[in-house]
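Worksheet: the structure to be examined is printed underneath.
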Amino acid sequence: MADNNNVNLLNEKLKAKEAAEAANNVSNENEPMKLDDAARVKVLSPSRLVAKRFFRNKLAMVGLVILITLFVFCFLGPLFYPYGQTQKFTSTGYLDLDYAVSGVPSTYDKYVLNEEEMKDVKNYVDSFIIEINKADSSVTEMDFKRGNDKYRLIRLGEDLYSVSKTAGYVGKIDTLTESITEGTFDEATAARLMEARNNKETEFTIGDINYTLVYGSKNEGTKIYADFAPETVTEGLLASKLVFDEHSPDAEISDEFKIAALRALYGDLKFTADGKEYTIENNEGEDLIKDSAGNVIFGISRYSITGVDGQDTFTIDFKKTFVSVIEAMEAAGERESKFTYLVPQIDPETLKYVYDENGVLQLQEEELTVVRKTVASEVRYYAKYNQLKERYSIHDAPSSRHILGTDGDGYDVLSRIMYGGRISLIVGFVVVILETILGVIMGGIAGFFGGWVDTLIMRLVDIFYCIPTMPIMIIIASVFDQMKMPPYERLMWMMVVLGILGWSGIARLVRGQILSLREQEFMTAAEATGLKTSRRIFKHLVPNVMPQLIVSMTMGLGGVILLESTLSYLGLGVKHPYATWGNIINSVSDINAMQDYVYIWLPVGILICLAVIAFNFVGDGLRDAFDPKMKR
Amino acid sequence: MEEQNVMQNNNNNEDYVLEVRNLKKYFPIKSSFLRFVIGNVKAVDGISFKIKRGTTMGLVGESGCGKSTAGRTILRLQDKTEGEVLFNGIDIFKLSREELRELRPKIQIIFQDPYSSLSPRMPIGEIIGEAVREHNIVPKEEYDAYITRIMKACGLQEYHKDRYPHEFSGGQRQRICIARSLALNPDFIVCDEPVSALDVSIQAQIINLLKQLQKEFNLTYLFISHDLSVVEHISDTVGVMYLGNLVEYSDTEHIFGNPLHPYTKALFSAIPVPDPDYKMERIVLEGSIPSPANPPKGCKFHTRCSECMDICTRIDPLYKEIEPGHFCACHKYNTEEENAALHAEYEKTLEEELAAESRKKKGLKGRNKESDKAKREKEVNEAGAAETEKVERNRM
């Protein structure tokens, strides 16, 4: 209360003085202003002075214009651009697509006659056949040994082989009873066997038959292996690569039929299956199976022919033509050949096969290209022609529809650049703002309070300063991948992580500034006038740190955009299908794509450069404008 | 209760705005590695004085004697080491942070450097008015007019309000500083060398402004300066400081007319007289001011005193009233009884020292009053005398 009185006193005194002066100097009011009157001088506030200096800086203005253009392009552009960033484009066009594929099967079809004898050897037949084919073509028989068993491979025809077992296990001599417990032998043989066993012989011959003894443990006894008598040897298995083509759609085929047909093919060309008689005729290089009525039911050929999309059925005529072309190519050793044939018509609008009113497929003549390819050690022949198909617009060159073309996923490049720019710029701003908030708080605390708080925070800053960003980001990105984070959430966390990794520089800057400002007398004066600590910090310290802060923020923006692009380019940042400038470039990361699809990466590359350069120009301009020594 | 006490004190000490009792401020010297305190810089080593309401006390002394530290410690801008500062009877070192903040407007300070004492990013109106608003000095609706009046009272124009410090000259800035202090309606202002950064003509303006404001608003100043003529002009009482101690205190007339302490005499003899024919009788001090971290024993001035006696080297002089209202700390003015007592003490100290010394280095003749150390010091002082004279001349 006493204070209030005092104050009023002071105020009253001042008022009185004012009144007195006014009374004395009435004329003063009407006096014209002097030339050197300070009131005439128009004086700018520091911030307006800075603005004036900034706008006079040409380079900074160039940067500012670039930035504004970029922002308008990225944030307003998509509103006026018809395409979205994840919109896939398709177009109809002629594609050189495979129509039919033909190949010689790589493995042999095996028709097992004696399962018991063949069970151990079934999987080795192919290698046996390779062995025999390596040998002279006059060799038709070859023996193979697997363990103590023996097999004989017989070439029945050009593409038909039989396998039979010729030797194997026949009996056993028991160790305890010292007698033959399994198998039947005549007396002389039995005596010879026992003798051989007692003499520990392993091989001996009785007559034409070779015997082999295998000595096992007490329980196992001694096993006897012997050649089978020739009259007991039977065919165990037939192997062939020949393919049966159905000539009539309702024909059924069984293994018995195939075996009989194959035998007949290299025999008397007649066979009986399921009680019906069939004959095989060779017609222009193709073997045809006819039934008793003379109708062709099957053809036998070396090539299997299928449609590429699995649905096409080919006429036997097409198959024949195709096979003849292949054979011609094989004979000539060519890798590519052409032939003309009728293929189904495709309606250019619906992209479907054309049928007439009777439901008959309309055909048209096309030139087919046959190409020889080796797929998984299997030789295949692909017949292809230019088909009218709907397809994704992948890597379309720039056109009126897609100004910058399309990328490898059929997305419009220009629209992705716009949307990507949004993310890149937002990331830049958010990260820099995060960094700055963290940096100002930490640096401010360290600088203002000093002492052990300062030491603690500054050591923390040192630690953050020496953490390498890239490895940390790689680890964190892999953690995000593991967590299967949705792309936008991932983006947010990435910004947080970048902010946390980047605040140390700003903290140092702010701390340094505040340390020097704190010692200035106006801070002491502020304390002496009894201002609150918060007011002293935010009204006296912070405005004086602002210039340096703004400069470092602007300069930092370019860096963050670059970092984000790098991360996205490496696949650590924003994930497909959401676009950023980094992963647009990433879509053409291999060197061939870079040469071929310049229109994809070059515009983005230019934009990244422009953004970074513009931010640096503006930052430079701000720094110069804030510098009080620049008097312009 | 407390408030009542305060009021009572207020009434009792109506005359005195400020009373400083045995105020000490030491700055610790820390070892570079483990931050142990290995010594103290005794910037202010026990000063006591009172200031009457509406008067100005000048505080003089050469650079580094602790004037400014004393000023800042009185404002509790830094913590004391010992002693009391009573402002209107309230010990400001016993106030809580918030209480102190509320008291702040009553005690203001004007700094030496008008360039660094104004926040560069704040318009003048805001600088002056900020704390006015914070402390609700005037009602909101009068705030603007009030700031204008204050500015006018300090010789500033209304249109200066929206300008920034960098657009003002040194003198104008100092006016702004004064306006900032004045606006808070203080009882007491510490003027910490407010004119030493200004050129002479501006100095006069500012001094006159201060005097005028004092007259109009009944302000009390503690005027810290090393400029003796300025102090003589503005002060009602003057305290002379040497190495953290107040060596003499009296009315301006008394002290300038009849300085008692040898240091004061030397100091005042350096005041230039604007008369070319006047032959100055300068008392030239030998040596330079000793380090406040390791001040001499006894009277701190004895190393440079022309009238040094034996007792001065060992025993602190008493700070006492020699004439009414004239305080001085010098052995020259001891009474007989005091002399006897102090001499006894001196003998005792000497014996103790001798005993300690003989214990240290046995067999060495320590009876010689002038120890080796003292001899060395004297040599150094003599060597530095000429230089000191130059410095003194420049400074005064």
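Scheme for the structure tokens: letters A, B, ... for chains in order shown; per-chain residue numbers from 1; ligand numbers from 1 in order shown.
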
Go through chain B residue by residue and, counting only C-alpha atoms, keep those with an atom at most 6 Å from chain A; for each kept residue give the shortest atom pair and its distance in Å to one decimal, ordered by chain and increasing number, as a Markdown table.
```
| residue | atom | partner | partner_atom | distance |
| --- | --- | --- | --- | --- |
| B:Arg101 | CA | A:Gly530 | CA | 4.7 |
| B:Arg104 | CA | A:Gly530 | CA | 5.0 |
| B:Pro105 | CA | A:Thr529 | CA | 5.6 |
| B:Ser116 | CA | A:Glu521 | CA | 5.5 |
| B:Ser117 | CA | A:Phe522 | CA | 3.9 |
| B:Leu118 | CA | A:Phe522 | CA | 5.0 |
| B:Ser119 | CA | A:Phe522 | CA | 5.6 |
```

Give me a file of those residues, with N, CA and C atoms, as a short mmCIF file (atom, residue, chain, number, x, y, z; two decimals), in the first residue's frame.
```cif
data_model
loop_
_atom_site.label_atom_id
_atom_site.label_comp_id
_atom_site.auth_asym_id
_atom_site.auth_seq_id
_atom_site.Cartn_x
_atom_site.Cartn_y
_atom_site.Cartn_z
N ARG B 101 12.60 -10.97 -5.72
CA ARG B 101 12.15 -10.51 -7.03
C ARG B 101 11.16 -9.36 -6.88
N ARG B 104 13.04 -6.20 -5.90
CA ARG B 104 13.98 -5.70 -6.91
C ARG B 104 13.70 -4.28 -7.41
N PRO B 105 12.44 -3.96 -7.77
CA PRO B 105 12.21 -2.62 -8.33
C PRO B 105 12.69 -1.50 -7.41
N SER B 116 26.26 -2.59 -23.75
CA SER B 116 25.91 -3.99 -23.52
C SER B 116 24.77 -4.13 -22.50
N SER B 117 24.33 -3.02 -21.91
CA SER B 117 23.31 -3.19 -20.89
C SER B 117 21.89 -3.01 -21.44
N LEU B 118 21.78 -2.89 -22.77
CA LEU B 118 20.45 -2.84 -23.38
C LEU B 118 20.31 -4.01 -24.35
N SER B 119 19.22 -4.75 -24.22
CA SER B 119 19.00 -5.89 -25.09
C SER B 119 18.84 -5.41 -26.54
#
```

Note to self: I need the residues in region 171-388 of chain A that are strand (DSSP E or B) according to DSSP; give them as a PyMOL selection string.
What the structure shows: chain A and resi 171-174+179-182+203-206+209-215+222-227+235-240+243-246+270-273+276-283+286-291+296-301+304-307+336-344+346+353+355+361+363-375+378-388

Preceding selection exported with C-alpha atoms as a JSON list (two decimals), in the first residue's frame:
```
[["chain", "number", "residue", "atom", "x", "y", "z"],
["A", 171, "GLY", "CA", 20.77, -117.05, -49.81],
["A", 172, "LYS", "CA", 22.45, -116.98, -46.43],
["A", 173, "ILE", "CA", 24.76, -119.17, -44.37],
["A", 174, "ASP", "CA", 23.92, -118.99, -40.69],
["A", 179, "SER", "CA", 24.27, -124.31, -42.52],
["A", 180, "ILE", "CA", 22.51, -122.63, -45.42],
["A", 181, "THR", "CA", 19.32, -121.25, -43.94],
["A", 182, "GLU", "CA", 17.95, -119.31, -46.92],
["A", 203, "GLU", "CA", 34.40, -114.66, -54.91],
["A", 204, "PHE", "CA", 34.38, -117.85, -56.80],
["A", 205, "THR", "CA", 32.74, -119.41, -59.78],
["A", 206, "ILE", "CA", 30.76, -122.55, -60.11],
["A", 209, "ILE", "CA", 27.66, -118.57, -62.18],
["A", 210, "ASN", "CA", 29.69, -116.12, -60.15],
["A", 211, "TYR", "CA", 29.17, -116.23, -56.45],
["A", 212, "THR", "CA", 30.02, -113.52, -53.99],
["A", 213, "LEU", "CA", 30.09, -114.01, -50.25],
["A", 214, "VAL", "CA", 29.60, -111.10, -47.90],
["A", 215, "TYR", "CA", 30.60, -111.78, -44.32],
["A", 222, "THR", "CA", 27.15, -114.74, -44.45],
["A", 223, "LYS", "CA", 25.14, -113.44, -47.37],
["A", 224, "ILE", "CA", 25.35, -115.11, -50.73],
["A", 225, "TYR", "CA", 25.01, -113.12, -53.93],
["A", 226, "ALA", "CA", 24.93, -114.81, -57.28],
["A", 227, "ASP", "CA", 24.16, -114.24, -60.95],
["A", 235, "GLU", "CA", 12.52, -107.03, -67.86],
["A", 236, "GLY", "CA", 12.00, -104.91, -64.83],
["A", 237, "LEU", "CA", 11.43, -101.50, -66.35],
["A", 238, "LEU", "CA", 10.97, -99.63, -69.62],
["A", 239, "ALA", "CA", 12.20, -96.07, -70.07],
["A", 240, "SER", "CA", 11.33, -93.70, -72.86],
["A", 243, "VAL", "CA", 5.44, -88.34, -75.93],
["A", 244, "PHE", "CA", 1.95, -89.47, -76.87],
["A", 245, "ASP", "CA", -0.10, -86.79, -78.57],
["A", 246, "GLU", "CA", -3.83, -87.19, -78.46],
["A", 270, "LYS", "CA", 1.20, -104.12, -84.09],
["A", 271, "PHE", "CA", -0.02, -104.52, -80.57],
["A", 272, "THR", "CA", -3.02, -105.43, -78.53],
["A", 273, "ALA", "CA", -4.18, -103.51, -75.54],
["A", 276, "LYS", "CA", -8.27, -104.14, -79.02],
["A", 277, "GLU", "CA", -5.80, -104.30, -81.82],
["A", 278, "TYR", "CA", -3.79, -101.33, -82.93],
["A", 279, "THR", "CA", -1.29, -100.68, -85.64],
["A", 280, "ILE", "CA", 1.46, -98.11, -85.84],
["A", 281, "GLU", "CA", 2.13, -96.35, -89.10],
["A", 282, "ASN", "CA", 4.90, -93.98, -89.92],
["A", 283, "ASN", "CA", 3.53, -90.97, -91.71],
["A", 286, "GLU", "CA", 5.52, -89.11, -87.28],
["A", 287, "ASP", "CA", 4.39, -92.37, -85.82],
["A", 288, "LEU", "CA", 0.63, -92.66, -85.66],
["A", 289, "ILE", "CA", -1.33, -95.22, -83.70],
["A", 290, "LYS", "CA", -4.42, -96.38, -85.50],
["A", 291, "ASP", "CA", -7.14, -98.53, -84.14],
["A", 296, "VAL", "CA", -5.63, -92.21, -85.83],
["A", 297, "ILE", "CA", -5.88, -92.09, -82.04],
["A", 298, "PHE", "CA", -2.40, -91.08, -80.93],
["A", 299, "GLY", "CA", 0.76, -89.84, -82.39],
["A", 300, "ILE", "CA", 4.13, -90.60, -80.91],
["A", 301, "SER", "CA", 6.68, -87.82, -81.04],
["A", 304, "SER", "CA", 5.86, -82.16, -76.01],
["A", 305, "ILE", "CA", 4.00, -79.02, -76.99],
["A", 306, "THR", "CA", 2.02, -76.84, -74.60],
["A", 307, "GLY", "CA", 0.46, -73.42, -74.72],
["A", 336, "GLU", "CA", 16.09, -68.92, -84.30],
["A", 337, "SER", "CA", 13.68, -69.58, -87.08],
["A", 338, "LYS", "CA", 10.42, -68.28, -88.41],
["A", 339, "PHE", "CA", 7.28, -69.81, -89.79],
["A", 340, "THR", "CA", 3.81, -68.65, -90.62],
["A", 341, "TYR", "CA", 0.74, -70.21, -89.24],
["A", 342, "LEU", "CA", -2.86, -69.52, -88.31],
["A", 343, "VAL", "CA", -3.40, -68.22, -84.82],
["A", 344, "PRO", "CA", -6.59, -67.06, -83.08],
["A", 346, "ILE", "CA", -7.85, -61.07, -80.97],
["A", 353, "TYR", "CA", -10.46, -64.29, -79.01],
["A", 355, "TYR", "CA", -15.59, -66.36, -82.44],
["A", 361, "LEU", "CA", -12.61, -69.62, -83.33],
["A", 363, "LEU", "CA", -8.01, -67.53, -87.09],
["A", 364, "GLN", "CA", -5.60, -65.30, -88.83],
["A", 365, "GLU", "CA", -2.20, -65.82, -90.30],
["A", 366, "GLU", "CA", 0.76, -64.62, -88.27],
["A", 367, "GLU", "CA", 4.46, -65.00, -88.52],
["A", 368, "LEU", "CA", 5.75, -66.89, -85.53],
["A", 369, "THR", "CA", 9.31, -66.77, -84.37],
["A", 370, "VAL", "CA", 10.78, -69.88, -82.87],
["A", 371, "VAL", "CA", 13.58, -69.34, -80.41],
["A", 372, "ARG", "CA", 15.73, -71.98, -78.81],
["A", 373, "LYS", "CA", 16.33, -71.53, -75.13],
["A", 374, "THR", "CA", 17.91, -73.70, -72.51],
["A", 375, "VAL", "CA", 15.91, -73.63, -69.32],
["A", 378, "GLU", "CA", 16.32, -78.61, -70.75],
["A", 379, "VAL", "CA", 16.21, -77.40, -74.32],
["A", 380, "ARG", "CA", 12.99, -75.60, -75.18],
["A", 381, "TYR", "CA", 11.66, -73.96, -78.25],
["A", 382, "TYR", "CA", 9.39, -70.97, -77.89],
["A", 383, "ALA", "CA", 7.09, -69.88, -80.65],
["A", 384, "LYS", "CA", 6.11, -66.29, -80.27],
["A", 385, "TYR", "CA", 4.48, -63.51, -82.20],
["A", 386, "ASN", "CA", 3.31, -59.96, -81.67],
["A", 387, "GLN", "CA", 0.07, -60.26, -79.80],
["A", 388, "LEU", "CA", -2.34, -57.51, -78.98]]
```

Item checked: Between CA of Met473 (chain A) and CA of Met495 (chain A) - distance in Å to one decimal -> 11.0 Å

Next item on the list: Could you check how far CA of Leu156 (chain A) sits from CA of Ile316 (chain A), in Å to one decimal?
Entry: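 Between these atoms lies a distance of 27.6 Å.
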
Next item on the list: Give me the residues within 6 Å of Gln112 (chain B) as a list in words, counting only C-alpha atoms and dropping any in the same chain fewer than 4 places off.
Entry: Asp192, Glu193 and Pro194 of chain B

Only N, CA and C atoms, please: the residues just picked out, written as a short mmCIF file (atom, residue, chain, number, x, y, z; two decimals), in the first residue's frame.
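Once everything was written out, this is out.cif:
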```cif
data_model
loop_
_atom_site.label_atom_id
_atom_site.label_comp_id
_atom_site.auth_asym_id
_atom_site.auth_seq_id
_atom_site.Cartn_x
_atom_site.Cartn_y
_atom_site.Cartn_z
N ASP B 192 26.83 2.27 -11.12
CA ASP B 192 28.14 1.61 -11.21
C ASP B 192 28.95 2.26 -12.33
N GLU B 193 29.71 3.28 -11.98
CA GLU B 193 30.48 4.06 -12.94
C GLU B 193 29.63 4.44 -14.15
N PRO B 194 28.53 5.15 -13.96
CA PRO B 194 27.60 5.38 -15.06
C PRO B 194 28.15 6.31 -16.14
#
```

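Note that the spacing between CA of Ala507 (chain A) and CA of Asp624 (chain A) amounts to 21.9 Å.
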
All residues 10 Å or closer to Lys297 (chain B), only C-alpha atoms, same chain fewer than 5 positions away omitted, as a tab-separated table (two decimals) with N, CA and C atoms, in the first residue's frame:
```tsv
chain	number	residue	atom	x	y	z
B	302	HIS	N	49.93	-0.91	3.94
B	302	HIS	CA	51.26	-0.61	4.49
B	302	HIS	C	52.38	-0.81	3.49
B	303	THR	N	52.18	-1.67	2.49
B	303	THR	CA	53.27	-1.89	1.51
B	303	THR	C	53.54	-0.64	0.69
B	312	CYS	N	51.81	-1.33	11.62
B	312	CYS	CA	50.98	-1.44	10.41
B	312	CYS	C	51.22	-2.76	9.69
B	313	THR	N	52.42	-3.32	9.83
B	313	THR	CA	52.75	-4.52	9.07
B	313	THR	C	52.10	-5.77	9.65
B	314	ARG	N	51.60	-5.70	10.87
B	314	ARG	CA	51.07	-6.91	11.50
B	314	ARG	C	49.61	-6.80	11.92
B	315	ILE	N	49.21	-5.60	12.37
B	315	ILE	CA	47.90	-5.48	13.02
B	315	ILE	C	46.94	-4.67	12.13
B	316	ASP	N	45.72	-5.23	11.95
B	316	ASP	CA	44.70	-4.50	11.20
B	316	ASP	C	44.34	-3.22	11.95
```

Notebook entry, point to check: So which residues touch Ser196 (chain B) within 8 Å, counting only C-alpha atoms, skipping near sequence neighbours fewer than 6 positions away, as a ChimeraX atom specification?
Noted result: /B:112,203,225,227

Keeping N, CA and C atoms for every residue in the selection just given, could you write it to a file as an mmCIF file, in the first residue's frame?
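And here is the file that came out, again_4.cif:
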```
data_model
loop_
_atom_site.group_PDB
_atom_site.id
_atom_site.type_symbol
_atom_site.label_atom_id
_atom_site.label_comp_id
_atom_site.auth_asym_id
_atom_site.auth_seq_id
_atom_site.Cartn_x
_atom_site.Cartn_y
_atom_site.Cartn_z
ATOM 1 N N GLN B 112 27.961 0.559 -16.131
ATOM 2 C CA GLN B 112 29.005 1.375 -16.714
ATOM 3 C C GLN B 112 28.875 1.450 -18.231
ATOM 4 N N GLN B 203 29.078 13.309 -20.009
ATOM 5 C CA GLN B 203 29.172 12.997 -18.575
ATOM 6 C C GLN B 203 28.429 14.030 -17.764
ATOM 7 N N SER B 225 32.586 5.241 -8.541
ATOM 8 C CA SER B 225 33.374 5.868 -9.593
ATOM 9 C C SER B 225 34.831 5.914 -9.190
ATOM 10 N N ASP B 227 36.360 8.446 -10.744
ATOM 11 C CA ASP B 227 36.562 9.836 -11.158
ATOM 12 C C ASP B 227 36.231 10.744 -9.978
#
```

Next item on the list: Would you list, as number ranges by chain, the residues of region 88-120 of chain A that end up in helix (DSSP H, G or I) under DSSP run on this structure's backbone?
Entry: A: 115-118

Check: B:Ile107, B:Ile127, B:Val138, B:Val60: which is nearest Met241 (chain B), counting only C-alpha atoms?
Finding: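 Ranked by minimum distance to Met241 (chain B), first place goes to B:Val60.
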
Next item on the list: Identify, on the basis of only C-alpha atoms, every residue whose closest approach to region 206-212 of chain B does not exceed 12 Å; exclude the query and any residue fewer than 3 positions from it along the same chain; express the result as a ChimeraX atom specification.
Entry: /B:54-56,110,152-156,170-179,181-182,189-191,193-203,215-223,225,229-236

Let me see the file: selected residues, N, CA and C atoms, as a short mmCIF file (atom, residue, chain, number, x, y, z; two decimals), in the first residue's frame.
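Below you can see selection_16.cif, which holds the result:
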```
data_model
loop_
_atom_site.label_atom_id
_atom_site.label_comp_id
_atom_site.auth_asym_id
_atom_site.auth_seq_id
_atom_site.Cartn_x
_atom_site.Cartn_y
_atom_site.Cartn_z
N GLY B 54 17.70 10.04 0.24
CA GLY B 54 17.79 11.26 -0.54
C GLY B 54 19.20 11.81 -0.68
N THR B 55 20.19 11.02 -0.26
CA THR B 55 21.56 11.49 -0.42
C THR B 55 22.31 10.60 -1.39
N THR B 56 23.51 11.01 -1.72
CA THR B 56 24.35 10.21 -2.60
C THR B 56 25.62 9.87 -1.87
N ILE B 110 22.51 1.10 -12.41
CA ILE B 110 22.85 1.63 -13.73
C ILE B 110 24.28 1.22 -14.01
N LYS B 152 10.39 11.30 -20.93
CA LYS B 152 10.57 12.75 -21.00
C LYS B 152 11.39 13.24 -19.83
N ALA B 153 11.10 12.67 -18.64
CA ALA B 153 11.84 13.07 -17.44
C ALA B 153 13.32 12.78 -17.60
N CYS B 154 13.65 11.76 -18.38
CA CYS B 154 15.05 11.40 -18.58
C CYS B 154 15.62 12.01 -19.86
N GLY B 155 14.85 12.93 -20.47
CA GLY B 155 15.37 13.62 -21.65
C GLY B 155 15.28 12.80 -22.91
N LEU B 156 14.30 11.91 -22.98
CA LEU B 156 14.10 11.14 -24.22
C LEU B 156 12.77 11.57 -24.83
N GLY B 170 25.83 6.90 -27.05
CA GLY B 170 26.13 6.43 -25.70
C GLY B 170 25.36 7.17 -24.63
N GLY B 171 25.32 8.52 -24.75
CA GLY B 171 24.64 9.33 -23.73
C GLY B 171 23.15 9.02 -23.70
N GLN B 172 22.56 8.87 -24.91
CA GLN B 172 21.14 8.55 -24.96
C GLN B 172 20.86 7.18 -24.36
N ARG B 173 21.77 6.28 -24.63
CA ARG B 173 21.60 4.94 -24.07
C ARG B 173 21.64 4.99 -22.55
N GLN B 174 22.57 5.80 -22.04
CA GLN B 174 22.66 5.87 -20.59
C GLN B 174 21.37 6.48 -20.03
N ARG B 175 20.79 7.42 -20.79
CA ARG B 175 19.49 7.97 -20.37
C ARG B 175 18.43 6.87 -20.35
N ILE B 176 18.51 6.00 -21.36
CA ILE B 176 17.54 4.89 -21.40
C ILE B 176 17.72 4.00 -20.17
N CYS B 177 18.98 3.73 -19.83
CA CYS B 177 19.25 2.91 -18.65
C CYS B 177 18.68 3.58 -17.41
N ILE B 178 18.88 4.88 -17.34
CA ILE B 178 18.37 5.60 -16.17
C ILE B 178 16.85 5.54 -16.16
N ALA B 179 16.25 5.71 -17.36
CA ALA B 179 14.79 5.66 -17.44
C ALA B 179 14.29 4.30 -17.01
N SER B 181 15.61 2.29 -14.91
CA SER B 181 15.67 2.20 -13.44
C SER B 181 14.59 3.06 -12.79
N LEU B 182 14.46 4.28 -13.32
CA LEU B 182 13.54 5.24 -12.72
C LEU B 182 12.10 4.76 -12.81
N ILE B 189 19.37 3.68 -5.98
CA ILE B 189 19.98 3.25 -7.25
C ILE B 189 21.48 3.16 -7.07
N VAL B 190 22.01 2.01 -7.47
CA VAL B 190 23.46 1.88 -7.50
C VAL B 190 23.92 2.34 -8.87
N CYS B 191 24.73 3.38 -8.91
CA CYS B 191 25.25 3.85 -10.18
C CYS B 191 26.68 3.34 -10.30
N GLU B 193 29.71 3.28 -11.98
CA GLU B 193 30.48 4.06 -12.94
C GLU B 193 29.63 4.44 -14.15
N PRO B 194 28.53 5.15 -13.96
CA PRO B 194 27.60 5.38 -15.06
C PRO B 194 28.15 6.31 -16.14
N VAL B 195 29.19 7.05 -15.83
CA VAL B 195 29.64 8.03 -16.82
C VAL B 195 31.03 7.75 -17.37
N SER B 196 31.66 6.69 -16.89
CA SER B 196 33.06 6.52 -17.29
C SER B 196 33.21 6.10 -18.74
N ALA B 197 32.10 5.60 -19.38
CA ALA B 197 32.21 5.22 -20.78
C ALA B 197 31.81 6.37 -21.70
N LEU B 198 31.49 7.51 -21.12
CA LEU B 198 30.98 8.62 -21.94
C LEU B 198 32.03 9.73 -22.03
N ASP B 199 31.89 10.55 -23.06
CA ASP B 199 32.85 11.66 -23.12
C ASP B 199 32.39 12.78 -22.19
N VAL B 200 33.29 13.73 -21.95
CA VAL B 200 33.12 14.63 -20.80
C VAL B 200 31.83 15.44 -20.86
N SER B 201 31.48 15.96 -22.04
CA SER B 201 30.29 16.82 -22.11
C SER B 201 29.05 16.00 -21.79
N ILE B 202 29.03 14.78 -22.31
CA ILE B 202 27.89 13.91 -22.04
C ILE B 202 27.86 13.53 -20.56
N GLN B 203 29.08 13.31 -20.01
CA GLN B 203 29.17 13.00 -18.58
C GLN B 203 28.43 14.03 -17.76
N LYS B 215 16.71 15.18 -6.98
CA LYS B 215 16.02 16.30 -6.34
C LYS B 215 14.51 16.12 -6.49
N GLU B 216 14.10 15.76 -7.71
CA GLU B 216 12.67 15.68 -7.97
C GLU B 216 12.01 14.50 -7.28
N PHE B 217 12.66 13.37 -7.30
CA PHE B 217 11.99 12.15 -6.84
C PHE B 217 12.60 11.58 -5.57
N ASN B 218 13.45 12.36 -4.91
CA ASN B 218 13.99 11.96 -3.63
C ASN B 218 14.69 10.61 -3.70
N LEU B 219 15.56 10.44 -4.69
CA LEU B 219 16.26 9.17 -4.87
C LEU B 219 17.50 9.12 -4.00
N THR B 220 17.94 7.91 -3.74
CA THR B 220 19.18 7.71 -3.01
C THR B 220 20.14 7.00 -3.94
N TYR B 221 21.37 7.47 -4.04
CA TYR B 221 22.35 6.85 -4.93
C TYR B 221 23.52 6.30 -4.16
N LEU B 222 24.02 5.19 -4.67
CA LEU B 222 25.38 4.79 -4.32
C LEU B 222 26.15 4.98 -5.60
N PHE B 223 27.03 5.97 -5.61
CA PHE B 223 27.69 6.37 -6.84
C PHE B 223 29.11 5.83 -6.86
N SER B 225 32.59 5.24 -8.54
CA SER B 225 33.37 5.87 -9.59
C SER B 225 34.83 5.91 -9.19
N SER B 229 36.58 13.96 -9.34
CA SER B 229 35.89 15.25 -9.49
C SER B 229 34.39 15.03 -9.62
N VAL B 230 34.01 13.96 -10.36
CA VAL B 230 32.60 13.64 -10.50
C VAL B 230 32.00 13.31 -9.15
N VAL B 231 32.73 12.51 -8.41
CA VAL B 231 32.24 12.10 -7.08
C VAL B 231 32.08 13.33 -6.19
N GLU B 232 33.06 14.19 -6.26
CA GLU B 232 32.99 15.40 -5.43
C GLU B 232 31.75 16.21 -5.79
N HIS B 233 31.45 16.22 -7.10
CA HIS B 233 30.34 17.01 -7.59
C HIS B 233 29.00 16.45 -7.13
N ILE B 234 28.86 15.16 -7.16
CA ILE B 234 27.53 14.57 -6.96
C ILE B 234 27.28 14.09 -5.54
N SER B 235 28.34 13.74 -4.81
CA SER B 235 28.13 13.01 -3.55
C SER B 235 27.89 13.90 -2.36
N ASP B 236 27.14 13.34 -1.44
CA ASP B 236 27.00 13.96 -0.13
C ASP B 236 28.02 13.39 0.84
#
```
